[in-house]
Structures are given as C-alpha cells and as structure tokens.
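Undergrad: What follows is final_13.pdb, made up of PDB, C-alpha atoms:
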```pdb
ATOM      1  CA  MET P   1     -23.881 -84.679-112.339
ATOM      2  CA  GLU P   2     -26.168 -83.192-109.707
ATOM      3  CA  ILE P   3     -24.666 -82.592-106.278
ATOM      4  CA  ASN P   4     -26.941 -82.096-103.273
ATOM      5  CA  GLU P   5     -26.361 -79.982-100.199
ATOM      6  CA  ARG P   6     -24.457 -82.812 -98.490
ATOM      7  CA  GLY P   7     -21.944 -82.852-101.310
ATOM      8  CA  PHE P   8     -23.001 -86.249-102.694
ATOM      9  CA  SER P   9     -24.315 -86.976-106.170
ATOM     10  CA  ASN P  10     -27.807 -88.357-106.634
ATOM     11  CA  LYS P  11     -26.281 -91.705-107.574
ATOM     12  CA  ALA P  12     -24.319 -91.762-104.322
ATOM     13  CA  LEU P  13     -27.516 -91.055-102.369
ATOM     14  CA  GLU P  14     -29.255 -93.873-104.222
ATOM     15  CA  ASP P  15     -26.377 -96.142-103.168
ATOM     16  CA  PHE P  16     -26.918 -95.121 -99.538
ATOM     17  CA  ASP P  17     -30.584 -96.096 -99.827
ATOM     18  CA  LEU P  18     -29.644 -99.444-101.370
ATOM     19  CA  ILE P  19     -27.178-100.091 -98.545
ATOM     20  CA  ASP P  20     -29.859 -99.331 -95.951
ATOM     21  CA  LYS P  21     -32.218-101.771 -97.650
ATOM     22  CA  ALA P  22     -29.522-104.428 -97.880
ATOM     23  CA  VAL P  23     -28.389-104.094 -94.268
ATOM     24  CA  HIS P  24     -31.647-103.367 -92.451
ATOM     25  CA  GLU P  25     -34.230-105.057 -94.667
ATOM     26  CA  LYS P  26     -32.034-107.871 -96.019
ATOM     27  CA  ASP P  27     -33.196-106.842 -99.476
ATOM     28  CA  GLN P  28     -31.449-109.176-101.921
ATOM     29  CA  SER P  29     -32.257-106.987-104.914
ATOM     30  CA  ALA P  30     -30.362-104.115-103.275
ATOM     31  CA  TYR P  31     -27.168-106.184-103.236
ATOM     32  CA  ALA P  32     -27.747-107.177-106.844
ATOM     33  CA  THR P  33     -28.286-103.558-107.907
ATOM     34  CA  LEU P  34     -25.085-102.406-106.214
ATOM     35  CA  MET P  35     -23.160-105.180-107.899
ATOM     36  CA  LYS P  36     -24.676-104.423-111.304
ATOM     37  CA  ARG P  37     -23.743-100.748-110.946
ATOM     38  CA  TYR P  38     -20.085-101.284-110.128
ATOM     39  CA  LYS P  39     -19.022-104.766-111.223
ATOM     40  CA  LYS P  40     -17.767-103.635-114.638
ATOM     41  CA  ALA P  41     -15.942-100.572-113.238
ATOM     42  CA  VAL P  42     -14.231-102.614-110.519
ATOM     43  CA  TYR P  43     -13.263-105.323-112.994
ATOM     44  CA  PHE P  44     -11.648-102.908-115.456
ATOM     45  CA  MET P  45      -9.868-101.037-112.658
ATOM     46  CA  ILE P  46      -8.320-104.313-111.477
ATOM     47  CA  LEU P  47      -7.581-105.440-115.029
ATOM     48  CA  LYS P  48      -5.639-102.214-115.587
ATOM     49  CA  MET P  49      -3.500-103.063-112.559
ATOM     50  CA  ILE P  50      -2.711-106.713-113.290
ATOM     51  CA  ARG P  51      -3.329-107.219-117.029
ATOM     52  CA  ASP P  52      -4.826-110.686-116.596
ATOM     53  CA  ALA P  53      -8.531-111.265-117.263
ATOM     54  CA  ASP P  54      -8.920-114.449-115.216
ATOM     55  CA  ASP P  55      -7.197-113.037-112.154
ATOM     56  CA  ALA P  56      -9.160-109.792-112.535
ATOM     57  CA  GLU P  57     -12.399-111.773-112.388
ATOM     58  CA  ASP P  58     -11.190-113.576-109.267
ATOM     59  CA  LEU P  59     -10.272-110.324-107.540
ATOM     60  CA  THR P  60     -13.514-108.619-108.563
ATOM     61  CA  MET P  61     -15.481-111.410-106.939
ATOM     62  CA  GLU P  62     -13.402-111.142-103.777
ATOM     63  CA  ALA P  63     -13.865-107.363-103.590
ATOM     64  CA  PHE P  64     -17.646-107.582-103.716
ATOM     65  CA  ALA P  65     -17.769-110.514-101.319
ATOM     66  CA  LYS P  66     -15.704-108.611 -98.763
ATOM     67  CA  ALA P  67     -17.689-105.393 -99.260
ATOM     68  CA  PHE P  68     -21.039-107.130 -98.814
ATOM     69  CA  ARG P  69     -19.810-109.029 -95.798
ATOM     70  CA  ASN P  70     -18.801-105.734 -94.141
ATOM     71  CA  LEU P  71     -21.619-103.583 -95.488
ATOM     72  CA  GLU P  72     -23.087-102.887 -92.061
ATOM     73  CA  ARG P  73     -19.807-101.192 -91.112
ATOM     74  CA  PHE P  74     -19.977 -98.780 -94.022
ATOM     75  CA  LYS P  75     -20.174 -95.139 -92.936
ATOM     76  CA  LYS P  76     -21.717 -92.507 -95.155
ATOM     77  CA  ASP P  77     -18.790 -90.122 -94.766
ATOM     78  CA  TYR P  78     -17.808 -90.911 -98.348
ATOM     79  CA  THR P  79     -19.383 -92.635-101.344
ATOM     80  CA  PHE P  80     -19.924 -96.372-101.598
ATOM     81  CA  SER P  81     -17.887 -96.420-104.815
ATOM     82  CA  THR P  82     -14.870 -94.896-103.028
ATOM     83  CA  TRP P  83     -15.109 -97.525-100.281
ATOM     84  CA  LEU P  84     -15.608-100.392-102.734
ATOM     85  CA  PHE P  85     -12.743 -99.299-104.981
ATOM     86  CA  ARG P  86     -10.402 -99.113-101.988
ATOM     87  CA  ILE P  87     -11.353-102.632-100.944
ATOM     88  CA  ALA P  88     -10.730-103.826-104.501
ATOM     89  CA  THR P  89      -7.444-101.925-104.720
ATOM     90  CA  ASN P  90      -6.133-103.267-101.409
ATOM     91  CA  ASN P  91      -7.015-106.844-102.397
ATOM     92  CA  THR P  92      -5.278-106.401-105.725
ATOM     93  CA  ILE P  93      -2.172-104.888-104.155
ATOM     94  CA  ASP P  94      -2.022-107.864-101.808
ATOM     95  CA  PHE P  95      -2.262-110.149-104.839
ATOM     96  CA  ILE P  96       0.475-108.238-106.666
ATOM     97  CA  ARG P  97       2.800-108.403-103.675
ATOM     98  CA  LYS P  98       2.250-112.099-103.413
ATOM     99  CA  LYS P  99       2.762-112.820-107.081
ATOM    100  CA  LYS P 100       5.571-110.272-107.383
ATOM    101  CA  LEU P 101       3.989-108.996-110.559
ATOM    102  CA  LYS P 102       5.525-106.079-112.391
ATOM    103  CA  THR P 103       3.008-103.399-113.191
ATOM    104  CA  MET P 104       3.213 -99.870-114.502
ATOM    105  CA  SER P 105      -0.106 -98.670-113.126
ATOM    106  CA  LEU P 106       0.576 -98.739-109.385
ATOM    107  CA  ASN P 107       1.824 -95.169-109.415
ATOM    108  CA  ASN P 108      -1.321 -93.918-111.106
ATOM    109  CA  THR P 109      -4.136 -92.151-109.327
ATOM    110  CA  LEU P 110      -7.559 -93.624-110.047
ATOM    111  CA  SER P 111     -10.908 -91.843-109.826
ATOM    112  CA  ASP P 112     -14.052 -93.342-108.312
ATOM    113  CA  ASP P 113     -17.593 -92.908-109.600
ATOM    114  CA  SER P 114     -17.893 -89.413-108.109
ATOM    115  CA  GLY P 115     -14.591 -88.192-109.508
ATOM    116  CA  ASN P 116     -12.737 -88.430-106.201
ATOM    117  CA  SER P 117      -9.109 -89.519-106.337
ATOM    118  CA  VAL P 118      -8.243 -92.943-104.949
ATOM    119  CA  ASN P 119      -4.515 -93.123-104.335
ATOM    120  CA  ILE P 120      -2.722 -96.463-104.373
ATOM    121  CA  ASP P 121       0.008 -96.651-101.783
ATOM    122  CA  VAL P 122       2.351 -99.628-101.927
ATOM    123  CA  GLU P 123       4.875-100.269 -99.176
ATOM    124  CA  ASP P 124       8.232-101.651-100.219
ATOM    125  CA  ASP P 125       8.604-103.915 -97.212
ATOM    126  CA  ASP P 126       8.312-107.464 -98.555
ATOM    127  CA  ASN P 127       7.924-108.779 -95.021
ATOM    128  CA  ASN P 128       4.966-106.596 -94.106
ATOM    129  CA  PRO P 129       3.324-108.430 -91.162
ATOM    130  CA  GLN P 130      -0.104-107.353 -92.423
ATOM    131  CA  ASP P 131       0.206-109.416 -95.585
ATOM    132  CA  GLU P 132      -0.510-112.791 -94.014
ATOM    133  CA  TYR P 133      -3.380-111.334 -91.972
ATOM    134  CA  ILE P 134      -4.958-109.813 -95.088
ATOM    135  CA  LYS P 135      -4.545-113.083 -96.942
ATOM    136  CA  SER P 136      -6.113-115.113 -94.122
ATOM    137  CA  GLN P 137      -9.047-112.724 -93.885
ATOM    138  CA  ARG P 138      -9.593-112.920 -97.631
ATOM    139  CA  ILE P 139      -9.565-116.715 -97.624
ATOM    140  CA  GLU P 140     -11.946-116.822 -94.663
ATOM    141  CA  MET P 141     -14.292-114.433 -96.440
ATOM    142  CA  VAL P 142     -14.335-116.407 -99.674
ATOM    143  CA  ARG P 143     -14.851-119.742 -97.880
ATOM    144  CA  VAL P 144     -18.157-118.508 -96.467
ATOM    145  CA  PHE P 145     -19.531-118.338 -99.992
ATOM    146  CA  VAL P 146     -17.680-121.326-101.438
ATOM    147  CA  ASP P 147     -19.377-123.656 -98.949
ATOM    148  CA  LYS P 148     -22.687-122.786-100.603
ATOM    149  CA  LEU P 149     -21.547-123.745-104.103
ATOM    150  CA  PRO P 150     -22.766-126.937-105.808
ATOM    151  CA  ALA P 151     -20.288-129.756-105.271
ATOM    152  CA  LYS P 152     -19.142-129.836-108.916
ATOM    153  CA  TYR P 153     -17.789-126.290-108.602
ATOM    154  CA  ARG P 154     -16.595-126.409-105.010
ATOM    155  CA  LYS P 155     -13.574-128.596-105.848
ATOM    156  CA  LEU P 156     -12.466-126.239-108.609
ATOM    157  CA  VAL P 157     -12.671-123.210-106.342
ATOM    158  CA  GLN P 158     -10.889-125.103-103.564
ATOM    159  CA  LEU P 159      -7.960-125.808-105.865
ATOM    160  CA  ARG P 160      -7.859-122.272-107.272
ATOM    161  CA  TYR P 161      -8.370-120.125-104.162
ATOM    162  CA  PHE P 162      -7.229-122.228-101.231
ATOM    163  CA  ASP P 163      -4.631-124.558-102.742
ATOM    164  CA  GLU P 164      -3.548-121.704-105.065
ATOM    165  CA  LEU P 165      -2.981-123.884-108.103
ATOM    166  CA  SER P 166      -2.630-122.373-111.559
ATOM    167  CA  TYR P 167      -5.217-123.114-114.233
ATOM    168  CA  GLU P 168      -2.776-125.513-115.865
ATOM    169  CA  GLU P 169      -2.166-127.324-112.568
ATOM    170  CA  ILE P 170      -5.902-127.627-111.951
ATOM    171  CA  ALA P 171      -6.412-129.095-115.420
ATOM    172  CA  GLN P 172      -3.706-131.658-114.713
ATOM    173  CA  GLU P 173      -5.052-132.433-111.230
ATOM    174  CA  LEU P 174      -8.587-133.042-112.499
ATOM    175  CA  ASP P 175      -7.540-134.498-115.859
ATOM    176  CA  LYS P 176      -9.668-131.957-117.720
ATOM    177  CA  PRO P 177      -8.928-129.774-120.745
ATOM    178  CA  LEU P 178      -7.608-126.328-119.857
ATOM    179  CA  GLY P 179     -10.509-124.670-121.665
ATOM    180  CA  THR P 180     -13.012-126.660-119.622
ATOM    181  CA  VAL P 181     -11.337-125.655-116.368
ATOM    182  CA  LYS P 182     -11.389-121.966-117.320
ATOM    183  CA  ALA P 183     -15.028-122.136-118.386
ATOM    184  CA  GLN P 184     -16.119-123.930-115.219
ATOM    185  CA  LEU P 185     -14.157-121.537-113.014
ATOM    186  CA  HIS P 186     -15.798-118.642-114.825
ATOM    187  CA  ARG P 187     -19.198-120.172-114.036
ATOM    188  CA  SER P 188     -18.080-120.736-110.443
ATOM    189  CA  ARG P 189     -17.293-117.030-110.102
ATOM    190  CA  GLU P 190     -20.703-116.127-111.495
ATOM    191  CA  LEU P 191     -22.336-118.360-108.894
ATOM    192  CA  LEU P 192     -20.187-116.850-106.157
ATOM    193  CA  PHE P 193     -21.324-113.392-107.237
ATOM    194  CA  GLU P 194     -24.932-114.541-106.980
ATOM    195  CA  ILE P 195     -24.313-116.029-103.543
ATOM    196  CA  ALA P 196     -22.531-112.869-102.386
ATOM    197  CA  SER P 197     -25.492-110.790-103.476
ATOM    198  CA  GLY P 198     -27.887-112.941-101.461
ATOM    199  CA  LYS P 199     -29.355-114.930-104.344
ATOM    200  CA  GLU P 200     -28.173-118.394-103.327
ATOM    201  CA  ASN P 201     -31.758-119.627-103.096
ATOM    202  CA  HIS P 202     -31.854-119.528-106.868
ATOM    203  CA  ILE P 203     -28.795-121.744-107.266
TER     204      ILE P 203
END
```
Would you put the structure from the file into structure tokens?

TA:
Amino acid sequence: MEINERGFSNKALEDFDLIDKAVHEKDQSAYATLMKRYKKAVYFMILKMIRDADDAEDLTMEAFAKAFRNLERFKKDYTFSTWLFRIATNNTIDFIRKKKLKTMSLNNTLSDDSGNSVNIDVEDDDNNPQDEYIKSQRIEMVRVFVDKLPAKYRKLVQLRYFDELSYEEIAQELDKPLGTVKAQLHRSRELLFEIASGKENHI
C-alpha cells in the first residue's frame, strides 16, 4: 500500500476527493462509490459483533445513512474508513446495550482499511444518559430516508425501526409469511441505501 507524504494511502486520498465531490458538488456517484467501497467491510464488522445477518444489515444501513448525513462535518485528520467504522461501531454498541446481547467480540480491537486500530469501548453503566439521545438521533436520521420510500415498504420499515417489532411480530401484524417479510425488509434496506446515496430519483 502506497503512503504519501501526508501519511495517507492513495485509497484514503481518493476517498477525500469523493467526499469533496459529494459535499461540494452534490455528486451522487461519489456517495455510491464510497458505499460500494465499504459496505461489505462494515457489514462483516457488524456481523462479527452481533452474529445476526438481518440486524447486521439494518445497522449497516444506519451507519451509512448517518455518515452521509454528516459528511460535511468530516475532517481529513484521519481516514474516511476510520470515521465510518467508528460510526458503525457506536451504533452497534448502542444496539447491543439495548438488546442486552452477549457477545465475545467487544473486547477485540478492529482494524480499519488503512490498518489503524479502532478500539471499542463499552461503558458498564446501564443507565448511561447518552443512550436515549443516541437512539433518538438514530431514529430521526433514519426517518429522513424512510419518508422517501414507496408506500408498500414504508409500513414495514415503520414497524421494524420505529415500533421495534421483531420479524415474527411484523409477520403477524401484517398477516404475511415470515419469509415474505424478511425478503421485503431486505428490499427496503436496499432502497434505503440507494436513497442515502442520493439515488432516490431512480426509485
């Protein structure tokens, strides 16, 4: 991996250029390229933490949506991948706290795209006052994109994200087979990714 005089890899510098295009030129393809580069890495990082494919997809979508919403605040003091992975990690930790999941990977140190360590720090305080704030911010962020979904998917996402129903509960609520609910929620997430990357005109 080539490192330039600023200490960043060529890929990191390319990310900086993509961010500039996304923020200053509203270049939709720049968002899409960033997502294509890191979606798989973010997904598998989250999957390692929670061991559930459906929830990992949910949290991956949320991480990118939050990152893109705050992209203009990104500072080039560190790589985009470091920043994105920390957003994804914090969202996942919030999810784990809420669900009280047991995981063996929280004490591990993860590496971002440039090989930098990303430490995961979890506080033991179950009544952390930041939890509700983080949750409210996450819901607000997702709702921005959900409002742009076709009506047939909006109800599913409403039940999953905002009403916090399980897949089984959603299937019962809508009187649909569980497999259908999972498939339609998977498609909903794909659409949300497209919306988050500025491609809603194609939906």

Undergrad: Please, what distance in Å, to one decimal, runs between CA of Glu173 (chain P) and CA of Phe64 (chain P)?

TA: 28.9 Å

Undergrad: Show me the residues around (-6.0, -124.1, -115.9) - criterion: an atom at most 12 Å away, all atoms listed in the file counted - as a PyMOL selection string.

TA: chain P and resi 54-55+156-157+159-160+164-186

Undergrad: Would you mind reading off the distance between CA of Leu18 (chain P) and CA of Val146 (chain P), one decimal, in Å?

TA: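 Spanning CA of Leu18 (chain P) to CA of Val146 (chain P) is a straight-line distance of 24.9 Å.
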
Undergrad: I'd like the interatomic distance between CA of Tyr78 (chain P) and CA of Arg51 (chain P), to a tenth of an Å.

TA: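 CA of Arg51 (chain P) lies at a distance of 28.7 Å from CA of Tyr78 (chain P).
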
Undergrad: Counting only C-alpha atoms, write as an MDAnalysis selection string all protein and nucleic acid residues lying at most 6 Å from (-21.5, -91.4, -103.7) in the file's frame.

TA: chainID P and resid 8:9 12 79:80

Undergrad: Would you kindly translate the PyMOL selection byres ((chain P and resi 31) around 10) into the concrete residues it picks from this file, as a list in words?

TA: Leu18, Ile19, Lys21, Ala22, Val23, Lys26, Asp27, Gln28, Ser29, Ala30, Ala32, Thr33, Leu34, Met35, Lys36, Phe64, Phe68, Leu71, Glu194, Ala196, Ser197, Gly198 and Lys199 of chain P

Undergrad: Skipping near chain neighbours, those fewer than 2 positions away, what residues fall within 9 Å of Thr89 (chain P) using only C-alpha atoms, listed as a list in words?

TA: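 Residues meeting the cut-off are Val42, Met45, Ile46, Met49, Ala63, Leu84, Phe85, Arg86, Ile87, Asn91, Thr92, Ile93, Asp94 and Ile120 of chain P.
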
Undergrad: Complete region 11-22 of chain P at the level of N, CA and C atoms, written as an mmCIF file, in the frame of the given file.

TA:
```
data_model
loop_
_atom_site.group_PDB
_atom_site.id
_atom_site.type_symbol
_atom_site.label_atom_id
_atom_site.label_comp_id
_atom_site.auth_asym_id
_atom_site.auth_seq_id
_atom_site.Cartn_x
_atom_site.Cartn_y
_atom_site.Cartn_z
ATOM 1 N N LYS P 11 -26.604 -90.282 -107.502
ATOM 2 C CA LYS P 11 -26.281 -91.705 -107.574
ATOM 3 C C LYS P 11 -25.712 -92.202 -106.250
ATOM 4 N N ALA P 12 -24.885 -91.379 -105.618
ATOM 5 C CA ALA P 12 -24.319 -91.762 -104.322
ATOM 6 C C ALA P 12 -25.429 -91.893 -103.274
ATOM 7 N N LEU P 13 -26.394 -90.986 -103.312
ATOM 8 C CA LEU P 13 -27.516 -91.055 -102.369
ATOM 9 C C LEU P 13 -28.368 -92.296 -102.626
ATOM 10 N N GLU P 14 -28.530 -92.646 -103.894
ATOM 11 C CA GLU P 14 -29.255 -93.873 -104.222
ATOM 12 C C GLU P 14 -28.515 -95.087 -103.657
ATOM 13 N N ASP P 15 -27.175 -95.056 -103.748
ATOM 14 C CA ASP P 15 -26.377 -96.142 -103.168
ATOM 15 C C ASP P 15 -26.619 -96.251 -101.669
ATOM 16 N N PHE P 16 -26.673 -95.111 -100.982
ATOM 17 C CA PHE P 16 -26.918 -95.121 -99.538
ATOM 18 C C PHE P 16 -28.253 -95.799 -99.229
ATOM 19 N N ASP P 17 -29.268 -95.480 -100.025
ATOM 20 C CA ASP P 17 -30.584 -96.096 -99.827
ATOM 21 C C ASP P 17 -30.525 -97.601 -100.054
ATOM 22 N N LEU P 18 -29.786 -98.014 -101.083
ATOM 23 C CA LEU P 18 -29.644 -99.444 -101.370
ATOM 24 C C LEU P 18 -28.935 -100.156 -100.221
ATOM 25 N N ILE P 19 -27.912 -99.499 -99.669
ATOM 26 C CA ILE P 19 -27.178 -100.091 -98.545
ATOM 27 C C ILE P 19 -28.086 -100.252 -97.338
ATOM 28 N N ASP P 20 -28.913 -99.234 -97.068
ATOM 29 C CA ASP P 20 -29.859 -99.331 -95.951
ATOM 30 C C ASP P 20 -30.820 -100.507 -96.140
ATOM 31 N N LYS P 21 -31.297 -100.670 -97.366
ATOM 32 C CA LYS P 21 -32.218 -101.771 -97.650
ATOM 33 C C LYS P 21 -31.516 -103.119 -97.497
ATOM 34 N N ALA P 22 -30.268 -103.176 -97.963
ATOM 35 C CA ALA P 22 -29.522 -104.428 -97.880
ATOM 36 C C ALA P 22 -29.235 -104.812 -96.429
#
```
